[in-house]
Amino acid sequence: MSVTTQAEWWRAAVIYQVYLRSFADRDGDGVGDLPGLLGRLDYLRELGVDAVWLSPFHPSPLADFGYDVSDYEAVDPAYGTLADFDELVHAAHERGIRVLIDLIMNHTSVAHPWFAESSSDRAAPKRDWYIWADPRPGNEPPNNWLSSFERCGPAWTYHPETRQCYLHSFTPGQPDLNWRNPEVRAAMRRVWRFWLDRGVDGFRIDVAHRLLKDAGLRDNPAELAHARRHTVHPTLRMRNLDLPETLQVLRELRRTLDEYGGKLALGEVPISDDRRLADYFGGDGMHTAFHLAFWEQPWQAAAFRRTVDGLAAAMRPGALPTYALATHDIPRSASRYGAARARVAAMMALTLRGIPCVYYGEEIGMTDAPPPDALDVDGRDGQRTPMQWDATGLGFTAGKPWMPFAPGQAEVNVAAQQDDPGSLLRLYRRLIAYRRASPALRGGDYRSVEAGDDVFAYLRSAPGERLLVALNFASRPAAAVLSGLPGEGLAEVSTGDRPAGSAVGLRPLRLAPGEGLIIRIEEGT
Ligand code: NOJ
């Protein structure tokens with residue numbers, strides 16, 4: 001099986017996020033690498049995923065673990081070589097797996113030659129490639145914009161050599177590019193093409209909503225002066241993110257992707273306002289974007305129903321959001337919800353109308369490590385621990401892992417779960433395989449149905465197939481009264497031990513504590 005030429009392959013895809021540093025280490029230096037990932041492609045094929053999204057692998061001083069790029073057209077030696085990358089893409093494609101890479105366009109590293117040139121002199125030809133401004137008296141920041149990271153304070157750093165400040169929406173090691181400069185746009189277009197020409201199948205676009213900032217660098221309104229990230233206000237807008245002009249850049253990216261055909265733009269748009277988020281995808285901009293509010297919900301059926309329905313109502317017709325239970329920025333689901341609920345969460349993410357994106361290790365229920373020695377500027381180390389291939393750790397590296405394993409490795413690992421039919425890994429495989437074979441899950445409609453306080457229930461339907469997904473969020477049995485459904489359906493997949501193929505009464509629908517269930521509703525009943 002190899003990748004098809006189907007243009008909209010992503011509509012029915014399951015994506016798997018590989019945090020490369022922590023996935024699989026081939027050369028024994030304790031850092032995951034491209035050859036290590038190559039050696040695990042068969043595992044991913046067996047899991048059933050259609051695409052991998054690779055975290056940044058470019059040369060980087062690691063001020064923000066690779067989100068500070070010093071060369072967009074190279075591979076950091078810690079991860080391998082460009083030849084390794086090409087081999088990976090080839091081997092993945094042979095197995096029917098597409099490869100997405102992280103595109104970090106809002107900022108570079110201070111170590112990027114563009115910034116070296118820009119900061120060398122006020123008259124440097126590349127001065128305007130970044131955002132420079134005179135300080136206020138006392139070398140104070142030019143305006144009240146804040147870095148997204150609390151630890152970094154203001155979004156400006158004074159540069160004594162040229163007596164101006166540069167803007168950094170993240171760490172001082174990540175100066176923001178000036179997207180109002182056509183040369184920057186042209187340089188970044190070359191980067192897109194560099195990777196598209198190498199055969200990548202698309203990009204995950206880092207902080208896509210931040211590319212443009214207020215041209216006059218005006219202060220954020222006083223009411224929003226505390227805001228480090230997008231903050232919803234009934235009338236006021238922030239001036240350092242989510243500007244309408246940003247959509248033009250994303251459209252341009254889309255046009256380039258369309259020239260190639262079959263390429264995906266998946267946006268990271270950390271905006272929890274449904275209407276604002278909906279503008280970024282599904283039209284002539286990016287194809288899809290992560291549903292941020294999804295992972296902010298408390299473990300309550302009503303909360304998830306509200307957020308899923310909210311974005312569904314705001315989206316353009318035909319648009320698809322991307323659902324992730326965790327990422328390298330978001331604590332793991334087994335830590336947030338607990339091991340049992342992680343099974344229900346998995347069923348939800350893999351059966352909603354949208355593109356599921358599985359963070360490595362979620363499929364075995366890895367938990368976060370207690371905050372280790374704070375390598376990351378924003379305290380996100382806990383969810384970035386090495387993949388638990390086995391109880392010894394040798395499956396990850398023969399050397400000393402760059403970061404300790406999370407607790408629980410002895411039980412929570414691939415080797416222990418792959419032959420255990422009751423394991424989370426086997427549930428993931430079953431759900432992904434089921435989804436792949438189901439027209440209703442792959443591409444059908446979605447409609448949530450009233451099912452009482454404890455149960456989030458929805459219908460997925462396509463011509464010839466109707467499925468009811470019912471998720472009991474409570475740790476007590478549920479008896480959900482559903483209207484407009486026949487008296488009985490057929491159990492397909494349960495997160496518990498209910499056998500597939502057994503009849504399920506729907507008046508009421510009885511679920512075990514914390515059970516998630518996919519039920520086939522026979523046509524004509
Ligand atoms: C979002 C990335 O996911 C995160 O890890 C990073 O710190 C910021 N963007 C800045 O690039």
# chains A, B, ... in the order shown; residues from 1 in each chain; ligands from 1
$ residues_near_ligand --ligand "ligand 1" --cutoff "9 Å" --atoms "only C-alpha atoms and all ligand atoms" --output "MDAnalysis selection string"
chainID A and resid 55 64:68 102 104:108 148:149 169:171 174 205:207 268:270 327:329 376:378 380
$ write_last_selection --atoms "N, CA and C atoms" --output "PDB file, in the first residue's frame"
ATOM      1  N   SER A  55       7.471  17.120  14.791  1.00  0.00           N
ATOM      2  CA  SER A  55       7.857  18.363  15.464  1.00  0.00           C
ATOM      3  C   SER A  55       9.148  18.884  14.820  1.00  0.00           C
ATOM      4  N   ASP A  64      13.408  27.253  22.523  1.00  0.00           N
ATOM      5  CA  ASP A  64      12.027  26.780  22.631  1.00  0.00           C
ATOM      6  C   ASP A  64      11.928  25.427  21.921  1.00  0.00           C
ATOM      7  N   PHE A  65      12.881  24.564  22.231  1.00  0.00           N
ATOM      8  CA  PHE A  65      12.896  23.189  21.728  1.00  0.00           C
ATOM      9  C   PHE A  65      12.568  23.042  20.246  1.00  0.00           C
ATOM     10  N   GLY A  66      13.284  23.812  19.447  1.00  0.00           N
ATOM     11  CA  GLY A  66      13.172  23.643  18.000  1.00  0.00           C
ATOM     12  C   GLY A  66      12.222  24.640  17.361  1.00  0.00           C
ATOM     13  N   TYR A  67      11.384  25.300  18.163  1.00  0.00           N
ATOM     14  CA  TYR A  67      10.513  26.340  17.599  1.00  0.00           C
ATOM     15  C   TYR A  67      11.302  27.653  17.462  1.00  0.00           C
ATOM     16  N   ASP A  68      12.604  27.535  17.573  1.00  0.00           N
ATOM     17  CA  ASP A  68      13.518  28.652  17.290  1.00  0.00           C
ATOM     18  C   ASP A  68      14.499  28.123  16.241  1.00  0.00           C
ATOM     19  N   ASP A 102       6.391  20.739  10.672  1.00  0.00           N
ATOM     20  CA  ASP A 102       6.025  21.968  11.367  1.00  0.00           C
ATOM     21  C   ASP A 102       6.604  23.149  10.597  1.00  0.00           C
ATOM     22  N   ILE A 104       7.337  27.016  10.943  1.00  0.00           N
ATOM     23  CA  ILE A 104       7.411  28.050  11.982  1.00  0.00           C
ATOM     24  C   ILE A 104       7.745  29.362  11.292  1.00  0.00           C
ATOM     25  N   MET A 105       6.719  30.133  10.994  1.00  0.00           N
ATOM     26  CA  MET A 105       6.898  31.311  10.139  1.00  0.00           C
ATOM     27  C   MET A 105       6.827  32.618  10.906  1.00  0.00           C
ATOM     28  N   ASN A 106       6.322  32.564  12.140  1.00  0.00           N
ATOM     29  CA  ASN A 106       6.145  33.820  12.865  1.00  0.00           C
ATOM     30  C   ASN A 106       7.475  34.392  13.329  1.00  0.00           C
ATOM     31  N   HIS A 107       8.421  33.475  13.601  1.00  0.00           N
ATOM     32  CA  HIS A 107       9.688  33.917  14.174  1.00  0.00           C
ATOM     33  C   HIS A 107      10.792  32.969  13.753  1.00  0.00           C
ATOM     34  N   THR A 108      12.027  33.443  13.848  1.00  0.00           N
ATOM     35  CA  THR A 108      13.179  32.564  13.656  1.00  0.00           C
ATOM     36  C   THR A 108      13.889  32.483  15.011  1.00  0.00           C
ATOM     37  N   SER A 148       4.151  35.565  25.034  1.00  0.00           N
ATOM     38  CA  SER A 148       3.190  34.523  25.338  1.00  0.00           C
ATOM     39  C   SER A 148       3.597  33.737  26.587  1.00  0.00           C
ATOM     40  N   PHE A 149       4.887  33.737  26.888  1.00  0.00           N
ATOM     41  CA  PHE A 149       5.383  32.998  28.052  1.00  0.00           C
ATOM     42  C   PHE A 149       5.540  33.943  29.236  1.00  0.00           C
ATOM     43  N   SER A 169       7.282  37.420  20.197  1.00  0.00           N
ATOM     44  CA  SER A 169       6.022  36.990  20.806  1.00  0.00           C
ATOM     45  C   SER A 169       6.238  35.826  21.762  1.00  0.00           C
ATOM     46  N   PHE A 170       7.428  35.194  21.664  1.00  0.00           N
ATOM     47  CA  PHE A 170       7.727  34.076  22.566  1.00  0.00           C
ATOM     48  C   PHE A 170       9.007  34.417  23.341  1.00  0.00           C
ATOM     49  N   THR A 171      10.058  33.588  23.285  1.00  0.00           N
ATOM     50  CA  THR A 171      11.251  33.907  24.087  1.00  0.00           C
ATOM     51  C   THR A 171      12.079  34.982  23.382  1.00  0.00           C
ATOM     52  N   GLN A 174      13.587  34.190  20.047  1.00  0.00           N
ATOM     53  CA  GLN A 174      12.708  33.972  18.889  1.00  0.00           C
ATOM     54  C   GLN A 174      12.163  35.293  18.337  1.00  0.00           C
ATOM     55  N   ILE A 205       0.977  24.583  10.799  1.00  0.00           N
ATOM     56  CA  ILE A 205       1.447  25.965  10.791  1.00  0.00           C
ATOM     57  C   ILE A 205       1.410  26.545  12.197  1.00  0.00           C
ATOM     58  N   ASP A 206       2.602  26.763  12.704  1.00  0.00           N
ATOM     59  CA  ASP A 206       2.779  27.241  14.070  1.00  0.00           C
ATOM     60  C   ASP A 206       2.164  28.641  14.234  1.00  0.00           C
ATOM     61  N   VAL A 207       1.467  28.836  15.313  1.00  0.00           N
ATOM     62  CA  VAL A 207       0.806  30.113  15.640  1.00  0.00           C
ATOM     63  C   VAL A 207       0.408  30.925  14.397  1.00  0.00           C
ATOM     64  N   GLU A 268      -2.229  25.799  13.587  1.00  0.00           N
ATOM     65  CA  GLU A 268      -2.302  25.946  15.039  1.00  0.00           C
ATOM     66  C   GLU A 268      -2.779  27.365  15.281  1.00  0.00           C
ATOM     67  N   VAL A 269      -4.004  27.490  15.727  1.00  0.00           N
ATOM     68  CA  VAL A 269      -4.618  28.809  15.923  1.00  0.00           C
ATOM     69  C   VAL A 269      -5.197  28.841  17.339  1.00  0.00           C
ATOM     70  N   PRO A 270      -4.370  29.158  18.313  1.00  0.00           N
ATOM     71  CA  PRO A 270      -4.867  29.104  19.693  1.00  0.00           C
ATOM     72  C   PRO A 270      -5.827  30.245  20.017  1.00  0.00           C
ATOM     73  N   THR A 327      -0.935  17.468  23.109  1.00  0.00           N
ATOM     74  CA  THR A 327       0.151  17.789  22.189  1.00  0.00           C
ATOM     75  C   THR A 327       1.393  18.020  23.051  1.00  0.00           C
ATOM     76  N   HIS A 328       2.464  18.442  22.415  1.00  0.00           N
ATOM     77  CA  HIS A 328       3.664  18.755  23.191  1.00  0.00           C
ATOM     78  C   HIS A 328       3.453  20.003  24.059  1.00  0.00           C
ATOM     79  N   ASP A 329       2.345  20.712  23.832  1.00  0.00           N
ATOM     80  CA  ASP A 329       2.018  21.894  24.640  1.00  0.00           C
ATOM     81  C   ASP A 329       0.958  21.602  25.700  1.00  0.00           C
ATOM     82  N   ASP A 376      12.126  23.287  29.721  1.00  0.00           N
ATOM     83  CA  ASP A 376      11.321  24.130  28.840  1.00  0.00           C
ATOM     84  C   ASP A 376      10.932  25.429  29.541  1.00  0.00           C
ATOM     85  N   VAL A 377      10.923  26.493  28.746  1.00  0.00           N
ATOM     86  CA  VAL A 377      10.652  27.826  29.272  1.00  0.00           C
ATOM     87  C   VAL A 377       9.233  27.950  29.832  1.00  0.00           C
ATOM     88  N   ASP A 378       8.339  27.078  29.345  1.00  0.00           N
ATOM     89  CA  ASP A 378       6.944  27.207  29.776  1.00  0.00           C
ATOM     90  C   ASP A 378       6.480  25.970  30.565  1.00  0.00           C
ATOM     91  N   ARG A 380       6.634  22.706  29.969  1.00  0.00           N
ATOM     92  CA  ARG A 380       5.899  21.674  29.250  1.00  0.00           C
ATOM     93  C   ARG A 380       6.660  20.346  29.142  1.00  0.00           C
TER      94      ARG A 380
END
$ residues_around --residues "Leu427 in chain A" --least-positions-apart "6" --cutoff "9 Å" --atoms "only C-alpha atoms" --output "count of residues only"
8
$ residues_around --residues "Gly310 in chain A" --least-positions-apart "3" --cutoff "10 Å" --atoms "only C-alpha atoms" --output "PyMOL selection string"
chain A and resi 273-275+293+304-307+313-315
$ select_by_dssp --residues "range 283-350 of chain A" --states "strand (DSSP E or B)" --output "short mmCIF file (atom, residue, chain, number, x, y, z; two decimals) with N, CA, C and O atoms, in the first residue's frame"
data_model
loop_
_atom_site.label_atom_id
_atom_site.label_comp_id
_atom_site.auth_asym_id
_atom_site.auth_seq_id
_atom_site.Cartn_x
_atom_site.Cartn_y
_atom_site.Cartn_z
N MET A 286 -6.35 27.99 5.27
CA MET A 286 -5.89 26.65 5.66
C MET A 286 -7.04 25.65 5.56
O MET A 286 -8.21 26.02 5.60
N THR A 288 -7.62 23.06 7.66
CA THR A 288 -8.18 22.71 8.97
C THR A 288 -7.35 23.39 10.05
O THR A 288 -6.27 23.92 9.77
N ALA A 289 -7.88 23.38 11.27
CA ALA A 289 -7.13 23.95 12.40
C ALA A 289 -7.51 23.18 13.66
O ALA A 289 -8.62 22.61 13.74
N PHE A 290 -6.62 23.17 14.61
CA PHE A 290 -6.91 22.51 15.88
C PHE A 290 -8.05 23.21 16.61
O PHE A 290 -8.15 24.44 16.57
N THR A 322 -9.63 19.94 13.60
CA THR A 322 -8.73 18.85 14.00
C THR A 322 -8.79 18.71 15.52
O THR A 322 -8.69 19.70 16.23
N TYR A 323 -8.98 17.45 15.96
CA TYR A 323 -9.11 17.18 17.39
C TYR A 323 -7.88 16.47 17.93
O TYR A 323 -7.51 15.42 17.41
N ALA A 324 -7.26 17.06 18.94
CA ALA A 324 -6.16 16.38 19.62
C ALA A 324 -6.48 16.34 21.10
O ALA A 324 -7.00 17.30 21.65
N THR A 327 -0.94 17.47 23.11
CA THR A 327 0.15 17.79 22.19
C THR A 327 1.39 18.02 23.05
O THR A 327 1.32 17.87 24.28
N ILE A 330 0.26 20.48 25.54
CA ILE A 330 -0.93 20.22 26.35
C ILE A 330 -0.72 18.93 27.15
O ILE A 330 -0.38 17.90 26.56
#
$ closest_residue --among "A:Val358, A:Met366, A:Ala457, A:Ala278" --to "Gly338 in chain A" --atoms "only C-alpha atoms"
A:Met366
$ residues_around --residues "Val3 in chain A" --least-positions-apart "4" --cutoff "10 Å" --atoms "only C-alpha atoms" --output "list in words"
Trp9, Asp50, Ala51, Ala92, His93, Glu94, Arg95, Gly96, Ile97 and Arg98 of chain A
$ atom_distance --atom1 "CA of Arg341 in chain A" --atom2 "CA of Ser438 in chain A"
24.0 Å
$ select_by_dssp --residues "range 112-244 of chain A" --states "alpha helix (DSSP H)" --output "MDAnalysis selection string"
chainID A and resid 113:118 182:197
$ atom_distance --atom1 "CA of Val184 in chain A" --atom2 "CA of Leu257 in chain A"
18.3 Å
$ closest_residue --among "A:Ala215, A:Val308, A:Ala462, A:Val110" --to "Asn240 in chain A" --atoms "only C-alpha atoms"
A:Ala215
$ residues_around --residues "Ser448 in chain A" --least-positions-apart "5" --cutoff "12 Å" --atoms "only C-alpha atoms" --output "list in words"
Ala301, Ala302, Phe304, Arg305, Arg306, Thr307, Val308, Asp309, Gly310, Ala312, Ala313, Leu352, Arg353, Val455, Phe456, Ala457, Tyr458, Leu459, Arg460, Ser461, Leu467, Leu468, Val469, Ala470, Leu471, Leu482 and Ser483 of chain A
$ residues_around --residues "Val18 in chain A" --least-positions-apart "6" --cutoff "9 Å" --atoms "only C-alpha atoms" --output "tab-separated table (two decimals) with N, CA, C and O atoms, in the first residue's frame"
chain	number	residue	atom	x	y	z
A	37	LEU	N	12.73	7.03	13.94
A	37	LEU	CA	11.33	7.05	13.49
A	37	LEU	C	11.13	6.10	12.32
A	37	LEU	O	10.15	5.36	12.27
A	52	VAL	N	1.93	11.36	9.58
A	52	VAL	CA	2.64	11.78	10.80
A	52	VAL	C	2.94	13.27	10.70
A	52	VAL	O	3.22	13.78	9.62
A	53	TRP	N	2.83	13.95	11.81
A	53	TRP	CA	3.26	15.35	11.90
A	53	TRP	C	4.53	15.33	12.75
A	53	TRP	O	4.50	14.90	13.90
A	54	LEU	N	5.62	15.80	12.15
A	54	LEU	CA	6.90	15.81	12.86
A	54	LEU	C	7.12	17.15	13.53
A	54	LEU	O	7.02	18.20	12.88
A	55	SER	N	7.47	17.12	14.79
A	55	SER	CA	7.86	18.36	15.46
A	55	SER	C	9.15	18.88	14.82
A	55	SER	O	9.83	18.14	14.11
A	358	VAL	N	-3.36	12.16	16.98
A	358	VAL	CA	-2.98	11.40	18.17
A	358	VAL	C	-1.54	11.76	18.56
A	358	VAL	O	-0.62	11.55	17.76
A	359	TYR	N	-1.35	12.28	19.73
A	359	TYR	CA	0.00	12.61	20.21
A	359	TYR	C	0.69	11.31	20.60
A	359	TYR	O	0.09	10.45	21.27
A	360	TYR	N	1.95	11.15	20.21
A	360	TYR	CA	2.65	9.88	20.47
A	360	TYR	C	2.48	9.49	21.95
A	360	TYR	O	2.55	10.35	22.84
$ atom_distance --atom1 "CA of Gly422 in chain A" --atom2 "CA of Thr367 in chain A"
18.4 Å
$ closest_residue --among "A:Ala480, A:Ile519, A:Ile131, A:Leu20" --to "Arg466 in chain A" --atoms "only C-alpha atoms"
A:Ile519
$ closest_residue --among "A:Arg180, A:Arg435, A:Arg476, A:Arg429" --to "Glu46 in chain A" --atoms "only C-alpha atoms"
A:Arg429
$ closest_residue --among "A:Tyr337, A:Phe294, A:Phe396, A:Phe194" --to "Ala349 in chain A" --atoms "only C-alpha atoms"
A:Phe294
